[in-house]
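Enquirer: Handing over model-v2.cif, mmCIF, C-alpha atoms and all ligand atoms.
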```cif
data_coords
#
loop_
_atom_site.label_atom_id
_atom_site.label_comp_id
_atom_site.auth_asym_id
_atom_site.auth_seq_id
_atom_site.Cartn_x
_atom_site.Cartn_y
_atom_site.Cartn_z
CA MET A 438 -11.26 4.52 -4.23
CA LYS A 439 -9.85 2.05 -1.74
CA LYS A 440 -8.15 -0.92 -3.41
CA GLN A 441 -6.80 -4.22 -2.10
CA PHE A 442 -3.24 -5.21 -3.01
CA MET A 443 -1.13 -8.22 -2.23
CA VAL A 444 2.59 -7.47 -1.97
CA ILE A 445 4.86 -10.51 -2.09
CA GLY A 446 8.47 -10.03 -0.98
CA LEU A 447 9.24 -7.51 1.73
CA GLY A 448 12.74 -6.39 0.79
CA ARG A 449 13.46 -2.67 0.38
CA PHE A 450 11.18 -2.36 -2.67
CA GLY A 451 8.21 -4.35 -1.30
CA THR A 452 8.38 -2.57 2.05
CA SER A 453 8.49 0.88 0.50
CA LEU A 454 5.64 -0.06 -1.87
CA THR A 455 3.51 -1.34 1.02
CA ARG A 456 4.10 1.80 3.05
CA THR A 457 3.11 4.06 0.13
CA LEU A 458 -0.03 2.09 -0.72
CA ILE A 459 -1.13 2.28 2.91
CA GLN A 460 -0.37 6.03 3.03
CA ASN A 461 -2.59 6.40 -0.03
CA GLY A 462 -5.48 4.76 1.82
CA HIS A 463 -5.38 1.27 0.30
CA GLU A 464 -5.39 -2.15 1.94
CA VAL A 465 -2.32 -4.33 1.67
CA LEU A 466 -1.73 -7.96 2.45
CA ALA A 467 2.06 -8.12 2.85
CA VAL A 468 3.70 -11.54 2.48
CA ASP A 469 7.21 -12.84 2.86
CA LYS A 470 8.72 -16.23 3.62
CA ASP A 471 10.89 -14.53 6.23
CA GLU A 472 9.01 -14.34 9.54
CA PHE A 473 11.19 -11.47 10.79
CA LEU A 474 10.27 -9.21 7.83
CA VAL A 475 6.60 -10.07 8.31
CA GLN A 476 6.83 -9.02 11.97
CA GLU A 477 8.56 -5.79 10.96
CA ILE A 478 5.79 -4.73 8.60
CA SER A 479 2.86 -5.94 10.69
CA SER A 480 2.36 -2.51 12.28
CA ILE A 481 2.10 -0.86 8.84
CA ALA A 482 0.31 -3.34 6.54
CA THR A 483 -3.39 -4.16 6.84
CA HIS A 484 -2.42 -7.84 7.16
CA ALA A 485 1.03 -9.42 7.23
CA ILE A 486 1.48 -13.15 6.74
CA GLN A 487 4.48 -15.45 6.52
CA ALA A 488 4.25 -17.81 3.53
CA ASP A 489 6.30 -19.32 0.73
CA CYS A 490 4.52 -18.04 -2.35
CA THR A 491 6.02 -20.65 -4.67
CA ASP A 492 3.60 -23.05 -2.97
CA GLU A 493 0.19 -23.06 -4.65
CA ALA A 494 -1.61 -24.28 -1.54
CA ALA A 495 -0.08 -21.45 0.49
CA LEU A 496 -1.24 -18.89 -2.08
CA LEU A 497 -4.77 -20.29 -2.00
CA GLU A 498 -4.76 -20.14 1.77
CA LEU A 499 -3.82 -16.44 1.55
CA GLY A 500 -7.06 -15.90 -0.36
CA VAL A 501 -5.25 -14.89 -3.51
CA ARG A 502 -8.47 -15.21 -5.53
CA ASN A 503 -9.94 -12.19 -3.71
CA PHE A 504 -7.24 -9.85 -4.98
CA THR A 505 -7.38 -7.99 -8.25
CA HIS A 506 -3.78 -6.83 -8.03
CA ALA A 507 -0.66 -8.62 -6.78
CA ILE A 508 2.88 -7.30 -6.88
CA VAL A 509 5.78 -9.75 -6.96
CA ALA A 510 8.61 -7.84 -5.30
CA ILE A 511 11.07 -10.74 -5.24
CA GLY A 512 14.28 -9.74 -6.98
CA ASP A 513 17.27 -11.89 -6.20
CA ASP A 514 15.66 -15.33 -6.18
CA LEU A 515 14.87 -15.68 -9.87
CA GLN A 516 13.20 -19.05 -9.51
CA ALA A 517 10.89 -17.81 -6.73
CA SER A 518 10.03 -14.68 -8.72
CA ILE A 519 9.11 -16.69 -11.85
CA LEU A 520 7.23 -19.44 -10.05
CA THR A 521 5.21 -17.02 -7.91
CA THR A 522 4.26 -14.92 -10.95
CA LEU A 523 3.26 -18.04 -12.89
CA LEU A 524 1.08 -19.32 -10.03
CA LEU A 525 -0.64 -15.95 -9.58
CA LYS A 526 -1.58 -15.89 -13.26
CA GLU A 527 -2.68 -19.56 -13.16
CA LEU A 528 -4.89 -18.66 -10.21
CA ASN A 529 -6.40 -15.88 -12.35
CA VAL A 530 -5.21 -12.80 -10.47
CA PRO A 531 -6.22 -10.12 -13.02
CA GLN A 532 -3.29 -7.74 -12.53
CA VAL A 533 0.18 -9.04 -11.69
CA THR A 534 3.04 -6.55 -11.51
CA ALA A 535 6.49 -8.07 -11.18
CA LYS A 536 9.84 -6.55 -10.34
CA ALA A 537 12.69 -7.52 -12.67
CA LYS A 538 16.40 -7.29 -12.00
CA ASN A 539 17.34 -7.07 -15.67
CA GLU A 540 15.92 -7.30 -19.20
CA LYS A 541 16.21 -11.12 -19.38
CA HIS A 542 14.34 -11.53 -16.13
CA GLY A 543 11.70 -9.06 -17.37
CA SER A 544 11.25 -10.84 -20.67
CA LEU A 545 10.76 -14.17 -18.86
CA LEU A 546 8.19 -12.59 -16.53
CA SER A 547 6.29 -11.15 -19.44
CA LYS A 548 6.33 -14.53 -21.30
CA ILE A 549 4.71 -16.26 -18.34
CA GLY A 550 1.95 -13.67 -18.21
CA ALA A 551 2.98 -10.81 -15.89
CA ASP A 552 0.82 -7.84 -16.86
CA HIS A 553 3.30 -5.17 -15.92
CA ILE A 554 7.06 -5.37 -15.35
CA VAL A 555 9.00 -2.79 -13.36
CA TYR A 556 12.77 -2.30 -13.40
CA PRO A 557 13.38 -0.13 -10.32
CA GLU A 558 17.17 -0.09 -10.50
CA ARG A 559 17.39 0.50 -14.24
CA ASP A 560 14.72 3.22 -14.15
CA MET A 561 16.08 4.95 -11.07
CA GLY A 562 19.55 4.98 -12.65
CA ALA A 563 18.15 6.54 -15.83
CA ARG A 564 16.14 9.08 -13.85
CA LEU A 565 19.14 10.12 -11.76
CA GLY A 566 21.30 10.27 -14.88
CA ASN A 567 18.81 12.62 -16.53
CA GLN A 568 18.50 14.80 -13.45
CA LEU A 569 22.27 15.07 -13.01
CA SER A 570 22.77 15.88 -16.70
CA SER A 571 20.58 18.92 -16.54
CA ASP A 572 21.01 21.98 -14.35
CA ASN A 573 17.31 22.75 -14.28
CA LEU A 574 15.45 19.42 -14.47
CA ILE A 575 13.51 18.68 -11.27
CA ASP A 576 11.47 15.69 -12.35
CA TYR A 577 9.92 14.06 -15.40
CA ILE A 578 7.32 11.57 -16.48
CA GLU A 579 8.08 9.43 -19.49
CA LEU A 580 4.91 9.51 -21.59
CA SER A 581 6.40 7.32 -24.32
CA PRO A 582 9.98 6.55 -25.36
CA ASP A 583 10.02 9.84 -27.32
CA TYR A 584 7.80 12.16 -25.29
CA ASN A 585 8.24 13.47 -21.77
CA LEU A 586 6.44 15.73 -19.36
CA VAL A 587 9.21 17.59 -17.54
CA GLU A 588 9.33 19.86 -14.55
CA ILE A 589 12.19 22.36 -14.80
CA MET A 590 13.40 25.42 -12.92
CA ALA A 591 12.82 28.47 -15.12
CA PRO A 592 16.27 29.31 -16.49
CA PRO A 593 17.50 32.86 -15.67
CA ALA A 594 17.54 33.65 -19.41
CA MET A 595 13.72 33.48 -19.42
CA ASN A 596 13.34 35.96 -16.56
CA GLY A 597 10.72 38.61 -17.25
CA LEU A 598 9.73 37.25 -20.66
CA SER A 599 6.13 36.38 -21.59
CA LEU A 600 5.15 33.13 -23.29
CA ASN A 601 4.45 35.20 -26.36
CA GLN A 602 7.97 36.63 -26.35
CA LEU A 603 9.52 33.24 -25.71
CA ASN A 604 7.50 31.65 -28.51
CA ILE A 605 8.46 28.18 -27.28
CA ARG A 606 5.85 26.26 -29.23
CA ALA A 607 6.83 27.68 -32.59
CA ALA A 608 10.57 27.62 -31.91
CA TYR A 609 10.84 24.20 -30.25
CA GLY A 610 7.55 22.36 -30.74
CA CYS A 611 7.14 22.06 -26.93
CA THR A 612 4.30 23.40 -24.82
CA ILE A 613 4.56 25.09 -21.44
CA MET A 614 1.51 23.59 -19.77
CA ALA A 615 1.80 25.23 -16.38
CA ILE A 616 3.84 27.79 -14.46
CA LYS A 617 4.30 27.31 -10.75
CA THR A 618 5.20 30.40 -8.71
CA GLY A 619 5.63 29.52 -5.04
CA ASP A 620 2.36 27.83 -4.04
CA GLN A 621 0.44 29.28 -7.00
CA MET A 622 -0.12 27.04 -10.00
CA ASN A 623 -1.09 28.66 -13.29
CA ILE A 624 -2.40 25.65 -15.20
CA SER A 625 -3.40 27.27 -18.45
CA PRO A 626 -0.97 30.12 -18.93
CA LYS A 627 -1.90 32.82 -21.40
CA ALA A 628 0.37 34.30 -24.06
CA GLU A 629 0.96 37.45 -22.00
CA ASP A 630 1.87 35.59 -18.76
CA GLU A 631 5.49 36.16 -17.78
CA ILE A 632 8.08 33.81 -16.38
CA TYR A 633 10.40 34.77 -13.52
CA THR A 634 13.46 33.23 -11.94
CA GLY A 635 12.34 30.78 -9.27
CA ASP A 636 9.26 29.69 -11.26
CA ILE A 637 8.85 26.03 -12.08
CA LEU A 638 7.70 25.16 -15.59
CA LEU A 639 5.80 22.07 -16.67
CA ILE A 640 6.69 21.35 -20.27
CA ILE A 641 5.42 18.63 -22.56
CA GLY A 642 7.25 17.68 -25.72
CA ASN A 643 9.57 15.48 -27.68
CA ASN A 644 12.76 14.64 -25.75
CA ASP A 645 15.07 16.11 -28.38
CA ASP A 646 13.04 19.32 -28.53
CA ILE A 647 13.06 19.69 -24.75
CA ARG A 648 16.84 19.11 -24.67
CA HIS A 649 17.26 21.68 -27.43
CA LEU A 650 15.18 24.21 -25.49
CA GLU A 651 17.13 23.57 -22.29
CA SER A 652 20.51 23.97 -23.94
CA ASP A 653 19.47 27.22 -25.66
CA TYR A 654 18.44 28.72 -22.32
CA GLU A 655 21.35 27.41 -20.25
P1 LIG B 1 14.99 -5.78 -2.55
O1 LIG B 1 16.09 -5.66 -3.57
O2 LIG B 1 13.79 -4.94 -2.84
O3 LIG B 1 15.46 -5.62 -1.11
P2 LIG B 1 15.03 -8.68 -2.44
O4 LIG B 1 15.03 -9.46 -3.70
O5 LIG B 1 16.30 -8.60 -1.68
O6 LIG B 1 14.42 -7.26 -2.75
O7 LIG B 1 13.92 -9.21 -1.44
C1 LIG B 1 12.95 -10.07 -1.82
C2 LIG B 1 12.13 -10.58 -0.63
O8 LIG B 1 11.33 -11.63 -1.15
C3 LIG B 1 12.97 -11.17 0.51
O9 LIG B 1 12.56 -10.59 1.73
C4 LIG B 1 12.62 -12.65 0.47
O10 LIG B 1 12.52 -13.24 1.77
C5 LIG B 1 11.27 -12.67 -0.21
N1 LIG B 1 11.01 -13.93 -0.89
C6 LIG B 1 11.87 -14.63 -1.67
N2 LIG B 1 11.30 -15.79 -2.08
C7 LIG B 1 10.04 -15.80 -1.56
C8 LIG B 1 8.96 -16.72 -1.62
N3 LIG B 1 9.06 -17.88 -2.29
N4 LIG B 1 7.81 -16.42 -0.98
C9 LIG B 1 7.70 -15.26 -0.27
N5 LIG B 1 8.68 -14.37 -0.17
C10 LIG B 1 9.85 -14.61 -0.79
#
```
Could you spell out this file's structure in structure tokens?
Ligand code: ADP

Expert:
Amino acid sequence: MKKQFMVIGLGRFGTSLTRTLIQNGHEVLAVDKDEFLVQEISSIATHAIQADCTDEAALLELGVRNFTHAIVAIGDDLQASILTTLLLKELNVPQVTAKAKNEKHGSLLSKIGADHIVYPERDMGARLGNQLSSDNLIDYIELSPDYNLVEIMAPPAMNGLSLNQLNIRAAYGCTIMAIKTGDQMNISPKAEDEIYTGDILLIIGNNDDIRHLESDYE
């Protein structure tokens, strides 16, 4: 379903976010106080407007009340980030996502009512750290602080073995939810299905259990 977003702050994060939302078929009003950045994004965004979003009148003029979701992508200027978030919540924007530079910034944003805080640098650092620490990890989704859904390259030690032979669930408490072989996705693998080198496995489980499994099959 097509949604309308307002992205405030067109630095690297806001610009990349705008581009992705547009690619996914949504409408984006992109705003920055810097006229040059507004010009730059005008060919991509649905609408691009120059405005200082710490000014309530300017926000009202942008039609902020028509948006159900605004993203505050201002990072360096702490005061502007806080004030803009506060105004958006005072003007009853239902969903406000704000980018935080660090934990203190994030905690302030959440105290003034931001509905969702993102920490792109912290999270990207953690993600890269996890990927570099493992030989086989391709990607992961953090389901909770303790549980992950991971995508790993099938380790050579699993080559030719069936799920039954591997007995992953009993041995590690993790579940292989899908096996990807080339373009084929086996989304509910059976006990007799075999794993081969080059396959990609989707595994759900507790982080410690997944780590344990990975190190046993290194
Ligand atoms: P990144 O790290 O993603 O590049 P920055 O913090 O450098 O993000 O960029 C934030 C953007 O937010 C800048 O382009 C800046 O002009 C814009 N910005 C800062 N204050 C305001 C404001 N009050 N109203 C609108 N845009 C703002």

Enquirer: Name each residue within 7 Å of ligand LIG 1 (chain B), counting all atoms listed in the file, as a PyMOL selection string.

Expert: chain A and resi 445-451+468-471+474+488-491+510-514+517-518+521

Enquirer: Which is closer to Asn539 in chain A than all the others in A:Lys526, A:His553, A:Arg564, A:Arg559, using only C-alpha atoms?

Expert: A:Arg559

Enquirer: Please determine, counting all atoms listed in the file, which residue among A:Val444, A:Ile508, A:Leu523, A:Ile575 has the shortest atom-to-atom distance to Gln487 in chain A.

Expert: A:Val444

Enquirer: Taking only C-alpha atoms into account, which of A:Pro592, A:Pro626, A:Gly562, A:Gly550 comes nearest Gln532 in chain A?

Expert: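 With only C-alpha atoms as the atom set, the closest residue is A:Gly550.
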
Enquirer: Identify, on the basis of all atoms listed in the file, every residue whose closest approach to Ser652 in chain A does not exceed 12 Å; exclude the query and any residue fewer than 2 positions from it along the same chain; express the result as a list in words.

Expert: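 Near Ser652 in chain A, the qualifying residues are Ser570, Ser571, Asp572, Asn573, Leu574, Pro592, Ala594, Tyr609, Asp645, Asp646, Ile647, Arg648, His649, Leu650, Tyr654 and Glu655 of chain A.
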
Enquirer: Determine, counting only C-alpha atoms, which protein, DNA and RNA residues have an atom within 9 Å of an atom of Lys440 in chain A; residues of the same chain fewer than 3 positions away are not included. Present the result as a list in words.

Expert: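 The filter keeps Gly462, His463, Glu464, Val465, Thr505 and His506 of chain A.
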
Enquirer: To one decimal in Å, tell me the separation between CA of Leu586 in chain A and CA of Glu540 in chain A.

Expert: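 Distance reported for this atom pair: 24.9 Å.
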
Enquirer: Using all atoms listed in the file, which residues sit within 7 Å of Met614 in chain A once same-chain residues fewer than 2 positions away are excluded, as a compact mmCIF listing (two decimals) with C-alpha atoms, in the frame of the given file?

Expert:
```txt
# COMPACT_ATOMS: atom_id res chain seq x y z
CA THR A 612 4.30 23.40 -24.82
CA ILE A 624 -2.40 25.65 -15.20
CA SER A 625 -3.40 27.27 -18.45
CA LEU A 639 5.80 22.07 -16.67
CA ILE A 640 6.69 21.35 -20.27
CA ILE A 641 5.42 18.63 -22.56
```

Enquirer: Of the candidates A:Met438, A:Ile481, A:Ile616, A:Leu466, which one gets nearest to Ser453 in chain A if we count all atoms listed in the file?

Expert: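 Among the listed residues, the smallest separation from Ser453 in chain A belongs to A:Ile481.
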
Enquirer: Residues within 12 Å of Leu525 in chain A, please, as a PyMOL selection string. Count only C-alpha atoms; anything in the same chain fewer than 2 positions from it doesn't count.

Expert: chain A and resi 443-445+490-497+499-509+518-523+527-535+546+549-552

Enquirer: So how far away is CA of Leu603 in chain A from CA of Leu638 in chain A, in Å?

Expert: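 We find that CA of Leu638 in chain A and CA of Leu603 in chain A lie 13.1 Å from each other.
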
Enquirer: Which is closest to Ala608 in chain A among A:Glu588, A:Asp653, A:Ala537, A:Asp583, if we use all atoms listed in the file?

Expert: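 The answer is A:Asp653, which sits nearest to Ala608 in chain A.
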
Enquirer: Which value, in Å to one decimal, gives the distance between CA of Pro557 in chain A and CA of Ala615 in chain A?

Expert: 28.5 Å

Enquirer: For Gln602 in chain A, list every protein, DNA or RNA residue within 12 Å, evaluated using all atoms listed in the file, and leave out those in the same chain fewer than 2 positions away; present the list as a PyMOL selection string.

Expert: chain A and resi 595-600+604-608+627-632

Enquirer: Pick the closest to Ser581 in chain A from A:Gly642, A:Phe473, A:Glu558, A:Thr457: which is it, counting all atoms listed in the file?

Expert: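 Once distances to Ser581 in chain A are computed over all atoms listed in the file, the minimum belongs to A:Gly642.
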
Enquirer: Since the input is missing atoms, can you rebuild N, CA and C atoms for range 519-534 of chain A and write them as a compact mmCIF listing (two decimals), in the coordinates of the input?

Expert:
```txt
# COMPACT_ATOMS: atom_id res chain seq x y z
N ILE A 519 9.80 -16.11 -10.67
CA ILE A 519 9.11 -16.69 -11.85
C ILE A 519 7.96 -17.59 -11.41
N LEU A 520 8.25 -18.47 -10.47
CA LEU A 520 7.23 -19.44 -10.05
C LEU A 520 6.03 -18.74 -9.40
N THR A 521 6.30 -17.75 -8.58
CA THR A 521 5.21 -17.02 -7.91
C THR A 521 4.34 -16.29 -8.95
N THR A 522 5.00 -15.64 -9.91
CA THR A 522 4.26 -14.92 -10.95
C THR A 522 3.38 -15.89 -11.75
N LEU A 523 3.98 -17.02 -12.12
CA LEU A 523 3.26 -18.04 -12.89
C LEU A 523 2.02 -18.52 -12.12
N LEU A 524 2.20 -18.83 -10.84
CA LEU A 524 1.08 -19.32 -10.03
C LEU A 524 -0.02 -18.27 -9.91
N LEU A 525 0.37 -17.02 -9.72
CA LEU A 525 -0.64 -15.95 -9.58
C LEU A 525 -1.48 -15.85 -10.85
N LYS A 526 -0.83 -15.97 -12.00
CA LYS A 526 -1.58 -15.89 -13.26
C LYS A 526 -2.43 -17.15 -13.45
N GLU A 527 -1.89 -18.31 -13.06
CA GLU A 527 -2.68 -19.56 -13.16
C GLU A 527 -3.90 -19.51 -12.26
N LEU A 528 -3.77 -18.77 -11.15
CA LEU A 528 -4.89 -18.66 -10.21
C LEU A 528 -5.78 -17.46 -10.57
N ASN A 529 -5.54 -16.93 -11.77
CA ASN A 529 -6.40 -15.88 -12.35
C ASN A 529 -6.42 -14.55 -11.61
N VAL A 530 -5.29 -14.17 -11.03
CA VAL A 530 -5.21 -12.80 -10.47
C VAL A 530 -5.18 -11.85 -11.67
N PRO A 531 -6.12 -10.92 -11.79
CA PRO A 531 -6.22 -10.12 -13.02
C PRO A 531 -4.98 -9.28 -13.32
N GLN A 532 -4.43 -8.62 -12.29
CA GLN A 532 -3.29 -7.74 -12.53
C GLN A 532 -2.09 -8.22 -11.71
N VAL A 533 -1.04 -8.65 -12.40
CA VAL A 533 0.18 -9.04 -11.69
C VAL A 533 1.32 -8.14 -12.16
N THR A 534 1.89 -7.40 -11.21
CA THR A 534 3.04 -6.55 -11.51
C THR A 534 4.25 -7.24 -10.91
```
